[in-house]
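Here the structure comes first, spelled out in C-alpha cells, and everything after it is commentary.
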Amino acid sequence: MKEKPSLLIIGNSNVGKSATTKLLLPNPKKFKGKTGKSPGSTLFIEPITQVNLPYKIIDLPGFGYMRHKGRRREDHIKNLIIVHIEKHHKEYFFGIVVLNILRIEQQITKYFIQDKNSIPLNFELLQFLKEFDIPFIVLLNKIDKVSELEMRRIIAFFVDAAREYGLNLIHLDNFDKTNETKIPYLEFSARKKTNLGKLKSIIQHYFNLFPK
Ligand SMILES: Nc1nc2c(ncn2[C@@H]2O[C@H](COP(=O)(O)OP(=O)(O)OP(=O)(O)O)[C@@H](O)[C@H]2O)c(=O)[nH]1
Ligand SMILES: [Mg+2]
C-alpha cells in the first residue's frame, strides 16, 4: 500500500500549530503532541497518523521566538525544517502556515526598521513553500484576542506588506482554486474554532486533487 500523503503545518513558535493540528484529528484525545504556554513545545518531526485520518499531519517545530532557549537551537530548528522540506516536499498535498495575528505588525515593522534589505522570516517562508510547489494557506490565528476592527486593520497591513515582497494574498472566500498565483489566507481561532469548516474544506479539496 502506498504511504498516505502529508499535510504540513508550519510557523513560528507558540502560534497555535499544535492546537490547529488537534482540531483536524478524528480522535484528538489520542494526540500525544502537546500544546503549551512555553514556546518550543514541539521539538521533533514526527508524523501524526490516525486510522480514520486519510493523510498524515506533520506538525513542524516552531522557529523563532525562542531567544531564551538560545540562538544555536533556533538555527538548528530552522535548518531541520529546510532540510525536511527539501527532502519531503513531494509527499505534501497541502500546507498550513500559521501566524499569530497579534505578532504580525510587530514582526513586519521590526524588519523594516532593522534592515530594509532583509525580508521578514514569514515572507521568506511563504516564498520557500511556493518554490516547492506545495499549495498552502496562511492561517491568521488567535483572532479571538483582537476586535473585528483591529483584525481588519492588521490584515490590510499584512496584505500590503506582503505585496511589496511580491506575494499576492487573497482571502480564501475570493480565492480561485484553478489559478494559484495568489496565496489564500483565512482569519482563524483554534480556541473558538472560527472558520474551522472552511479550513477543513480547502484541505479536503487539495487532498482530493493529489495523485494517490
Ligand atoms: N486565545 C487563543 N489562544 C490560542 C489559540 N491557539 C492556540 N492558543 C494558545 O497558544 C499557545 C500555543 O499553542 P500551541 O498550539 O502549543 O502552539 P505551537 O505553534 O504548536 O507552539 P510550538 O510547538 O512551541 O511551536 C497555547 O497556550 C494555546 O492554548 C487561539 O486561537 N486563541
Ligand atoms: Mg507545537
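In the C-alpha cells, the first chain shown is A, the next is B, and so on; residue numbers restart at 1 for each chain, and ligands run from 1 in the order shown.
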
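Neighbouring residues of Ile104 (chain A) at 8 Å or closer, counting only C-alpha atoms and skipping chain neighbours under 5 positions away, are A:Leu99, A:Ile154, A:Phe158.
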
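Secondary structure by DSSP on the backbone puts the following residues of region 72-201 of chain A in strand (DSSP E): Tyr92, Phe93, Phe94, Gly95, Ile96, Val97, Val98, Leu99, Asn100, Phe136, Ile137, Val138, Leu139, Leu140, Asn141, Leu169, Ile170, His171, Ile183, Pro184, Tyr185, Leu186 and Glu187 of chain A.
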
Can those selected residues be exported to a file as a PDB file, in the first residue's frame so that it contains C-alpha atoms?
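Saved result, again-v7.pdb, follows:
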ATOM      1  CA  TYR A  92       2.888  17.138   0.800  1.00  0.00           C
ATOM      2  CA  PHE A  93      -0.512  17.756  -0.733  1.00  0.00           C
ATOM      3  CA  PHE A  94      -1.095  20.955   1.234  1.00  0.00           C
ATOM      4  CA  GLY A  95       0.494  23.244   3.788  1.00  0.00           C
ATOM      5  CA  ILE A  96      -0.835  25.466   6.551  1.00  0.00           C
ATOM      6  CA  VAL A  97       1.314  28.413   7.576  1.00  0.00           C
ATOM      7  CA  VAL A  98       0.097  29.510  10.987  1.00  0.00           C
ATOM      8  CA  LEU A  99       0.691  33.103  12.077  1.00  0.00           C
ATOM      9  CA  ASN A 100      -0.264  34.776  15.332  1.00  0.00           C
ATOM     10  CA  PHE A 136      -0.807  26.287   1.076  1.00  0.00           C
ATOM     11  CA  ILE A 137      -2.939  28.628   3.104  1.00  0.00           C
ATOM     12  CA  VAL A 138      -1.927  31.333   5.576  1.00  0.00           C
ATOM     13  CA  LEU A 139      -3.912  30.997   8.768  1.00  0.00           C
ATOM     14  CA  LEU A 140      -4.121  34.168  10.848  1.00  0.00           C
ATOM     15  CA  ASN A 141      -4.702  32.550  14.214  1.00  0.00           C
ATOM     16  CA  LEU A 169      -2.501  37.267  -0.755  1.00  0.00           C
ATOM     17  CA  ILE A 170      -6.232  36.910  -1.137  1.00  0.00           C
ATOM     18  CA  HIS A 171      -8.994  35.959   1.278  1.00  0.00           C
ATOM     19  CA  ILE A 183      -1.992  32.747  -1.819  1.00  0.00           C
ATOM     20  CA  PRO A 184      -5.190  32.295   0.193  1.00  0.00           C
ATOM     21  CA  TYR A 185      -5.406  33.483   3.796  1.00  0.00           C
ATOM     22  CA  LEU A 186      -8.049  32.915   6.437  1.00  0.00           C
ATOM     23  CA  GLU A 187      -8.678  34.519   9.808  1.00  0.00           C
TER      24      GLU A 187
END

Mind checking DSSP for region 7-205 of chain A and telling me the alpha helix (DSSP H) residues as a PDB file with C-alpha atoms, in the first residue's frame?
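Wrote selection_21.pdb, looks like this:
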ATOM      1  CA  LYS A  17       0.226  24.913  15.250  1.00  0.00           C
ATOM      2  CA  SER A  18      -0.409  22.046  17.650  1.00  0.00           C
ATOM      3  CA  ALA A  19      -3.781  23.485  18.691  1.00  0.00           C
ATOM      4  CA  THR A  20      -4.785  23.611  14.998  1.00  0.00           C
ATOM      5  CA  THR A  21      -3.474  20.091  14.382  1.00  0.00           C
ATOM      6  CA  LYS A  22      -5.611  18.784  17.198  1.00  0.00           C
ATOM      7  CA  LEU A  23      -8.751  20.225  15.597  1.00  0.00           C
ATOM      8  CA  LEU A  24      -8.114  18.249  12.430  1.00  0.00           C
ATOM      9  CA  ARG A  71      20.290  31.100  19.014  1.00  0.00           C
ATOM     10  CA  ARG A  72      22.015  27.847  18.248  1.00  0.00           C
ATOM     11  CA  ARG A  73      18.903  25.849  18.922  1.00  0.00           C
ATOM     12  CA  GLU A  74      16.903  28.291  16.846  1.00  0.00           C
ATOM     13  CA  ASP A  75      19.266  27.950  13.872  1.00  0.00           C
ATOM     14  CA  HIS A  76      19.222  24.212  14.362  1.00  0.00           C
ATOM     15  CA  ILE A  77      15.433  24.108  14.090  1.00  0.00           C
ATOM     16  CA  LYS A  78      15.378  26.361  11.031  1.00  0.00           C
ATOM     17  CA  ASN A  79      17.893  24.079   9.369  1.00  0.00           C
ATOM     18  CA  LEU A  80      15.944  20.989  10.328  1.00  0.00           C
ATOM     19  CA  ILE A  81      12.830  22.445   8.703  1.00  0.00           C
ATOM     20  CA  ILE A  82      14.584  23.456   5.476  1.00  0.00           C
ATOM     21  CA  VAL A  83      16.252  20.071   5.072  1.00  0.00           C
ATOM     22  CA  HIS A  84      12.979  18.310   5.846  1.00  0.00           C
ATOM     23  CA  ILE A  85      11.007  20.234   3.219  1.00  0.00           C
ATOM     24  CA  GLU A  86      13.711  19.850   0.590  1.00  0.00           C
ATOM     25  CA  LYS A  87      13.648  16.113   1.145  1.00  0.00           C
ATOM     26  CA  HIS A  88       9.912  15.533   1.558  1.00  0.00           C
ATOM     27  CA  ILE A 104       2.193  40.306  12.593  1.00  0.00           C
ATOM     28  CA  GLU A 105       2.626  44.069  12.777  1.00  0.00           C
ATOM     29  CA  GLN A 106       5.482  43.954  15.218  1.00  0.00           C
ATOM     30  CA  GLN A 107       7.304  41.373  13.174  1.00  0.00           C
ATOM     31  CA  ILE A 108       6.978  43.194   9.870  1.00  0.00           C
ATOM     32  CA  THR A 109       7.844  46.606  11.351  1.00  0.00           C
ATOM     33  CA  LYS A 110      10.914  45.165  13.033  1.00  0.00           C
ATOM     34  CA  TYR A 111      12.297  44.100   9.680  1.00  0.00           C
ATOM     35  CA  PHE A 112      11.520  47.424   8.027  1.00  0.00           C
ATOM     36  CA  ILE A 113      13.354  49.287  10.761  1.00  0.00           C
ATOM     37  CA  GLN A 114      16.286  46.941  11.214  1.00  0.00           C
ATOM     38  CA  LEU A 121      11.065  35.488   8.050  1.00  0.00           C
ATOM     39  CA  ASN A 122       7.432  34.638   7.410  1.00  0.00           C
ATOM     40  CA  PHE A 123       7.522  36.092   3.901  1.00  0.00           C
ATOM     41  CA  GLU A 124      10.697  34.147   3.315  1.00  0.00           C
ATOM     42  CA  LEU A 125       8.872  31.020   4.382  1.00  0.00           C
ATOM     43  CA  LEU A 126       5.954  31.701   2.022  1.00  0.00           C
ATOM     44  CA  GLN A 127       8.367  32.153  -0.881  1.00  0.00           C
ATOM     45  CA  PHE A 128      10.194  28.983   0.098  1.00  0.00           C
ATOM     46  CA  LEU A 129       6.973  26.935   0.014  1.00  0.00           C
ATOM     47  CA  LYS A 130       5.972  28.478  -3.325  1.00  0.00           C
ATOM     48  CA  GLU A 131       9.262  27.357  -4.834  1.00  0.00           C
ATOM     49  CA  GLU A 148     -13.115  42.875  14.481  1.00  0.00           C
ATOM     50  CA  LEU A 149     -11.830  46.358  13.612  1.00  0.00           C
ATOM     51  CA  GLU A 150      -8.317  45.611  14.817  1.00  0.00           C
ATOM     52  CA  MET A 151      -8.346  42.384  12.839  1.00  0.00           C
ATOM     53  CA  ARG A 152      -9.300  44.121   9.600  1.00  0.00           C
ATOM     54  CA  ARG A 153      -6.594  46.722  10.106  1.00  0.00           C
ATOM     55  CA  ILE A 154      -3.866  44.134  10.747  1.00  0.00           C
ATOM     56  CA  ILE A 155      -4.933  42.044   7.773  1.00  0.00           C
ATOM     57  CA  ALA A 156      -4.848  45.065   5.443  1.00  0.00           C
ATOM     58  CA  PHE A 157      -1.375  45.938   6.721  1.00  0.00           C
ATOM     59  CA  PHE A 158      -0.194  42.360   6.266  1.00  0.00           C
ATOM     60  CA  VAL A 159      -1.566  42.028   2.730  1.00  0.00           C
ATOM     61  CA  ASP A 160       0.041  45.352   1.708  1.00  0.00           C
ATOM     62  CA  ALA A 161       3.424  44.473   3.171  1.00  0.00           C
ATOM     63  CA  ALA A 162       3.356  41.045   1.526  1.00  0.00           C
ATOM     64  CA  ARG A 163       2.634  42.613  -1.845  1.00  0.00           C
ATOM     65  CA  GLU A 164       5.840  44.630  -1.554  1.00  0.00           C
ATOM     66  CA  LEU A 196     -12.636  25.505  11.052  1.00  0.00           C
ATOM     67  CA  GLY A 197     -15.171  24.319   8.483  1.00  0.00           C
ATOM     68  CA  LYS A 198     -13.607  26.460   5.750  1.00  0.00           C
ATOM     69  CA  LEU A 199     -10.154  25.213   6.657  1.00  0.00           C
ATOM     70  CA  LYS A 200     -11.255  21.589   6.538  1.00  0.00           C
ATOM     71  CA  SER A 201     -12.898  22.041   3.183  1.00  0.00           C
ATOM     72  CA  ILE A 202      -9.833  23.573   1.484  1.00  0.00           C
ATOM     73  CA  ILE A 203      -7.692  20.752   2.916  1.00  0.00           C
ATOM     74  CA  GLN A 204     -10.179  18.235   1.509  1.00  0.00           C
ATOM     75  CA  HIS A 205     -10.086  19.959  -1.879  1.00  0.00           C
TER      76      HIS A 205
END

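Residues within 10 Å of Glu91 (chain A), counting only C-alpha atoms and excluding same-chain residues fewer than 4 positions away, are A:Glu3, A:Lys4, A:Pro5, A:Ser6, A:Leu7, A:Leu8, A:Lys56, A:Ile85, A:Lys87, A:Ile134, A:Phe210.
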
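Atom pair CA of Ala190 (chain A) / CA of Ile101 (chain A): separated by 12.2 Å.
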
Restricting to only C-alpha atoms, whichever of A:Asn168, A:Val146, A:Ile45, A:Lys90 is closest to Phe132 (chain A) is A:Lys90
